Structures are given as C-alpha cells and as structure tokens.
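**Student:** Hey, dropping data_27.pdb in here, PDB, C-alpha atoms:
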ATOM      1  CA  MET E   1       0.000   0.000   0.000
ATOM      2  CA  GLY E   2       1.352   3.375  -0.985
ATOM      3  CA  ARG E   3       0.672   6.776   0.388
ATOM      4  CA  ARG E   4      -2.338   8.605  -0.829
ATOM      5  CA  PRO E   5      -1.423  11.382  -3.272
ATOM      6  CA  ARG E   6      -1.827  14.958  -2.022
ATOM      7  CA  ASP E   7      -4.805  16.945  -3.140
ATOM      8  CA  GLU E   8      -3.000  19.612  -5.159
ATOM      9  CA  GLU E   9      -6.076  21.820  -5.551
ATOM     10  CA  ALA E  10      -6.738  21.790  -1.801
ATOM     11  CA  ASP E  11      -3.098  22.752  -1.175
ATOM     12  CA  ARG E  12      -3.318  25.571  -3.715
ATOM     13  CA  ALA E  13      -6.575  26.791  -2.179
ATOM     14  CA  ALA E  14      -4.960  26.781   1.277
ATOM     15  CA  ILE E  15      -1.996  28.807  -0.003
ATOM     16  CA  ARG E  16      -4.261  31.322  -1.763
ATOM     17  CA  ALA E  17      -6.425  31.705   1.345
ATOM     18  CA  ALA E  18      -3.318  32.173   3.504
ATOM     19  CA  ALA E  19      -2.013  34.855   1.129
ATOM     20  CA  ASP E  20      -5.357  36.651   1.222
ATOM     21  CA  ARG E  21      -5.454  36.594   5.035
ATOM     22  CA  LEU E  22      -1.888  37.885   5.338
ATOM     23  CA  LEU E  23      -2.498  40.664   2.836
ATOM     24  CA  ALA E  24      -5.709  41.631   4.615
ATOM     25  CA  GLY E  25      -3.868  41.709   7.950
ATOM     26  CA  THR E  26      -6.014  38.964   9.511
ATOM     27  CA  PRO E  27      -3.712  35.949   9.936
ATOM     28  CA  LEU E  28      -4.928  32.832  11.741
ATOM     29  CA  HIS E  29      -1.714  30.829  12.092
ATOM     30  CA  SER E  30       1.101  33.319  11.511
ATOM     31  CA  GLN E  31       2.691  34.713  14.656
ATOM     32  CA  SER E  32       3.826  38.056  13.253
ATOM     33  CA  GLY E  33       1.644  38.550  10.182
ATOM     34  CA  LYS E  34       4.670  39.748   8.220
ATOM     35  CA  LEU E  35       4.393  39.561   4.477
ATOM     36  CA  THR E  36       7.120  37.006   3.822
ATOM     37  CA  ALA E  37       7.217  33.581   2.201
ATOM     38  CA  SER E  38       7.982  32.002   5.585
ATOM     39  CA  GLU E  39       4.886  33.572   7.099
ATOM     40  CA  LEU E  40       2.870  32.444   4.070
ATOM     41  CA  ILE E  41       3.999  28.877   4.803
ATOM     42  CA  ALA E  42       3.083  29.212   8.479
ATOM     43  CA  GLU E  43      -0.279  30.771   7.621
ATOM     44  CA  SER E  44      -1.143  28.067   5.081
ATOM     45  CA  ASP E  45      -0.572  25.436   7.778
ATOM     46  CA  LEU E  46       1.162  23.234   5.196
ATOM     47  CA  ARG E  47       4.646  21.774   5.192
ATOM     48  CA  ARG E  48       7.351  23.928   3.632
ATOM     49  CA  ASP E  49       8.085  21.436   0.844
ATOM     50  CA  VAL E  50       4.405  21.308  -0.101
ATOM     51  CA  VAL E  51       4.180  25.084  -0.397
ATOM     52  CA  TYR E  52       7.413  25.337  -2.384
ATOM     53  CA  ARG E  53       5.968  22.955  -4.978
ATOM     54  CA  HIS E  54       3.633  25.818  -5.843
ATOM     55  CA  SER E  55       6.271  28.452  -6.556
ATOM     56  CA  ASP E  56       3.883  30.315  -8.852
ATOM     57  CA  LEU E  57       1.620  31.045  -5.875
ATOM     58  CA  ILE E  58       4.598  32.220  -3.806
ATOM     59  CA  GLN E  59       5.671  34.530  -6.617
ATOM     60  CA  ASP E  60       2.123  35.824  -6.976
ATOM     61  CA  PHE E  61       2.008  36.513  -3.227
ATOM     62  CA  GLN E  62       5.336  38.361  -3.365
ATOM     63  CA  ALA E  63       4.117  40.447  -6.310
ATOM     64  CA  ARG E  64       0.933  41.359  -4.436
ATOM     65  CA  VAL E  65       3.039  42.339  -1.431
ATOM     66  CA  LYS E  66       5.118  44.701  -3.560
ATOM     67  CA  ALA E  67       1.990  46.097  -5.181
ATOM     68  CA  GLN E  68       0.503  47.143  -1.864
ATOM     69  CA  ASP E  69       3.777  48.670  -0.638
ATOM     70  CA  SER E  70       4.587  45.824   1.779
ATOM     71  CA  THR E  71       2.043  46.902   4.392
ATOM     72  CA  PRO E  72      -1.263  45.101   4.825
ATOM     73  CA  ILE E  73      -4.295  47.327   4.346
ATOM     74  CA  ALA E  74      -5.519  46.556   7.852
ATOM     75  CA  MET E  75      -2.136  47.594   9.255
ATOM     76  CA  GLN E  76      -2.265  50.844   7.257
ATOM     77  CA  GLU E  77      -5.723  51.573   8.646
ATOM     78  CA  LEU E  78      -4.527  50.901  12.194
ATOM     79  CA  ALA E  79      -1.490  53.137  11.688
ATOM     80  CA  ASP E  80      -3.704  55.935  10.349
ATOM     81  CA  GLU E  81      -6.093  55.589  13.271
ATOM     82  CA  ASN E  82      -3.143  55.541  15.674
ATOM     83  CA  ARG E  83      -1.787  58.804  14.202
ATOM     84  CA  LYS E  84      -5.243  60.391  14.452
ATOM     85  CA  LEU E  85      -5.631  59.335  18.086
ATOM     86  CA  LYS E  86      -2.162  60.626  18.975
ATOM     87  CA  THR E  87      -3.051  64.008  17.484
ATOM     88  CA  GLU E  88      -6.290  63.995  19.453
ATOM     89  CA  ILE E  89      -4.412  63.145  22.651
ATOM     90  CA  ASP E  90      -1.947  65.991  22.055
ATOM     91  CA  ASP E  91      -4.856  68.406  21.567
ATOM     92  CA  LEU E  92      -6.527  67.183  24.757
ATOM     93  CA  ARG E  93      -3.268  67.528  26.699
ATOM     94  CA  GLY E  94      -3.017  71.140  25.505
ATOM     95  CA  GLU E  95      -6.572  71.816  26.650
ATOM     96  CA  LEU E  96      -5.827  70.164  30.002
ATOM     97  CA  ARG E  97      -2.783  72.425  30.511
ATOM     98  CA  GLN E  98      -4.950  75.473  29.779
ATOM     99  CA  GLU E  99      -7.599  74.324  32.250
ATOM    100  CA  GLN E 100      -4.952  73.659  34.888
ATOM    101  CA  GLY E 101      -3.656  77.203  34.361
ATOM    102  CA  ARG E 102      -7.164  78.608  34.733
ATOM    103  CA  GLY E 103      -7.705  76.533  37.880
ATOM    104  CA  LYS E 104      -4.479  77.854  39.391
ATOM    105  CA  ALA E 105      -5.511  81.441  38.603
ATOM    106  CA  MET E 106      -8.953  80.840  40.131
ATOM    107  CA  ARG E 107      -7.395  79.424  43.318
ATOM    108  CA  MET E 108      -5.184  82.503  43.610
ATOM    109  CA  ILE E 109      -8.196  84.814  43.108
ATOM    110  CA  ILE E 110     -10.212  82.874  45.706
ATOM    111  CA  ALA E 111      -7.373  83.113  48.219
ATOM    112  CA  GLU E 112      -7.014  86.867  47.605
ATOM    113  CA  LEU E 113     -10.768  87.452  47.917
ATOM    114  CA  SER E 114     -10.899  85.368  51.105
ATOM    115  CA  LEU E 115      -8.209  87.591  52.630
ATOM    116  CA  GLU E 116     -10.071  90.722  51.573
ATOM    117  CA  LEU E 117     -13.282  89.345  53.050
ATOM    118  CA  GLU E 118     -11.591  88.618  56.382
ATOM    119  CA  GLN E 119     -10.119  92.130  56.414
ATOM    120  CA  ALA E 120     -13.513  93.659  55.669
ATOM    121  CA  LYS E 121     -15.098  91.653  58.496
ATOM    122  CA  ALA E 122     -12.390  92.783  60.863
ATOM    123  CA  GLU E 123     -12.930  96.417  59.860
ATOM    124  CA  LEU E 124     -16.681  96.108  60.390
ATOM    125  CA  GLU E 125     -16.177  94.707  63.882
ATOM    126  CA  GLY E 126     -14.005  97.701  64.685
ATOM    127  CA  VAL E 127     -16.771 100.175  63.779
ATOM    128  CA  SER E 128     -18.656 101.238  66.920
ATOM    129  CA  GLY E 129     -22.240 100.322  67.322
ATOM    130  CA  VAL E 130     -22.160  97.362  64.933
ATOM    131  CA  THR E 131     -22.728  94.013  66.525
ATOM    132  CA  ARG E 132     -21.909  90.958  64.545
ATOM    133  CA  LEU E 133     -24.616  88.310  64.477
ATOM    134  CA  PRO E 134     -23.634  84.713  65.161
ATOM    135  CA  GLY E 135     -23.443  82.402  62.165
ATOM    136  CA  PRO E 136     -26.018  79.728  61.386
ATOM    137  CA  ARG E 137     -26.065  76.578  63.493
TER
END
If you convert what's in this file into structure tokens, what do you get?

**Tutor:**
Amino acid sequence: MGRRPRDEEADRAAIRAAADRLLAGTPLHSQSGKLTASELIAESDLRRDVVYRHSDLIQDFQARVKAQDSTPIAMQELADENRKLKTEIDDLRGELRQEQGRGKAMRMIIAELSLELEQAKAELEGVSGVTRLPGPR
C-alpha cells in the first residue's frame, strides 16, 4: 500500500487563502503577520516542501506584497487611526494644561478674595455700634 497522493487543488486553495489573510492583515496561524514567504507557509498550515511545490503562488504573493507597498491594508488603517488618536491626545493635553492654568488662577483669586473678606469683616467689627450676628447653626 502506498501513500495517498496529495490533493494539489486543496493545497493551492490553502496557499491562496493564507495569502489573502496575510495581505488583509487577519492571519490565523502566523505569529507576526509579516508579508514574507515564511509567514505564508506558516499561515497556510502546510509543510514547507508542499508550499514550495507551488512556486507560482509564492511569486504571486510576493508580487501582491510589492503592489501594496509591503504593508497590509488593515495595518495601514490601524497606523492611520493611531496617528489620528495621537493628534487627538496631544490636543486634549493642551486643553488640560490650559484648564490647569485657569484653575491655578482661580485658586489665587479665591485666596485673595478670602483675605479681603476677612479684612472687611475685621474692619466692620471695629466700627462702633455694629454688633456681629452669630453664624447659622
């Protein structure tokens, strides 16, 4: 009894599907998701020698990688979103610094007004004939 021959079409379909997943940035088996032949092999979940029998698919994958500038579309979208969020964070940090400055100024004004209020109360107590009422209980 000999070994059963490999299903070439199933292997080719697995390689094509792996290439599509890597290029889309949604790998299932690849650890890094890099767009290399080694990661294509890992993603296809086939043995290296089986994948290398289909060199035309490897070459097609490499051509598609070059065509999309070596960065998966999903990775480009994440990088764009990351840049946008960093800009937003920088803007929010600027606003926070402004608010902290306003808060500091308000605290200084409150302290100054509290001192003036205490001085005014003291002056009123010094005026003859004015009796200060006790505060609420």

**Student:** Looking at only C-alpha atoms, which of E:Val51, E:Ile110, E:Ile89, E:Leu78 is the one that sits closest to Arg12 (chain E)?

**Tutor:** E:Val51

**Student:** Nearest to Met75 (chain E): which of E:Pro134, E:Arg4, E:Gly33, E:Ala18 is it, counting all atoms listed in the file?

**Tutor:**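 Looking only at the distances to Met75 (chain E), the closest residue turns out to be E:Gly33.
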
**Student:** One decimal, in Å: what's the spacing between CA of Leu115 (chain E) and CA of Gly135 (chain E)?

**Tutor:**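 These atoms are spaced 18.7 Å apart.
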
**Student:** Specify as an NGL selection string each residue included when the PyMOL selection byres ((chain E and resi 43-48) around 9) is applied to this file.

**Tutor:** :E and (11 or 14-19 or 21-22 or 27-31 or 33 or 38-42 or 49-53)

**Student:** Could you write those residues out with C-alpha atoms, as a PDB file, in the frame of the given file?

**Tutor:**
ATOM      1  CA  ASP E  11      -3.098  22.752  -1.175  1.00  0.00           C
ATOM      2  CA  ALA E  14      -4.960  26.781   1.277  1.00  0.00           C
ATOM      3  CA  ILE E  15      -1.996  28.807  -0.003  1.00  0.00           C
ATOM      4  CA  ARG E  16      -4.261  31.322  -1.763  1.00  0.00           C
ATOM      5  CA  ALA E  17      -6.425  31.705   1.345  1.00  0.00           C
ATOM      6  CA  ALA E  18      -3.318  32.173   3.504  1.00  0.00           C
ATOM      7  CA  ALA E  19      -2.013  34.855   1.129  1.00  0.00           C
ATOM      8  CA  ARG E  21      -5.454  36.594   5.035  1.00  0.00           C
ATOM      9  CA  LEU E  22      -1.888  37.885   5.338  1.00  0.00           C
ATOM     10  CA  PRO E  27      -3.712  35.949   9.936  1.00  0.00           C
ATOM     11  CA  LEU E  28      -4.928  32.832  11.741  1.00  0.00           C
ATOM     12  CA  HIS E  29      -1.714  30.829  12.092  1.00  0.00           C
ATOM     13  CA  SER E  30       1.101  33.319  11.511  1.00  0.00           C
ATOM     14  CA  GLN E  31       2.691  34.713  14.656  1.00  0.00           C
ATOM     15  CA  GLY E  33       1.644  38.550  10.182  1.00  0.00           C
ATOM     16  CA  SER E  38       7.982  32.002   5.585  1.00  0.00           C
ATOM     17  CA  GLU E  39       4.886  33.572   7.099  1.00  0.00           C
ATOM     18  CA  LEU E  40       2.870  32.444   4.070  1.00  0.00           C
ATOM     19  CA  ILE E  41       3.999  28.877   4.803  1.00  0.00           C
ATOM     20  CA  ALA E  42       3.083  29.212   8.479  1.00  0.00           C
ATOM     21  CA  ASP E  49       8.085  21.436   0.844  1.00  0.00           C
ATOM     22  CA  VAL E  50       4.405  21.308  -0.101  1.00  0.00           C
ATOM     23  CA  VAL E  51       4.180  25.084  -0.397  1.00  0.00           C
ATOM     24  CA  TYR E  52       7.413  25.337  -2.384  1.00  0.00           C
ATOM     25  CA  ARG E  53       5.968  22.955  -4.978  1.00  0.00           C
TER      26      ARG E  53
END

**Student:** At what distance in Å, to one decimal, does CA of Asp60 (chain E) lie from CA of Glu77 (chain E)?

**Tutor:**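 Between these atoms lies a distance of 23.5 Å.
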
**Student:** Work out how far apart CA of Leu57 (chain E) and CA of Leu35 (chain E) are and give it in Å to one decimal.

**Tutor:**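 Spanning CA of Leu57 (chain E) to CA of Leu35 (chain E) is a straight-line distance of 13.7 Å.
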
**Student:** Hey, which of E:Ala120, E:Leu85, E:Leu96, E:His54 ends up closest to Glu8 (chain E)? Count all atoms listed in the file.

**Tutor:**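 Of the candidates, the smallest distance to Glu8 (chain E) is held by E:His54.
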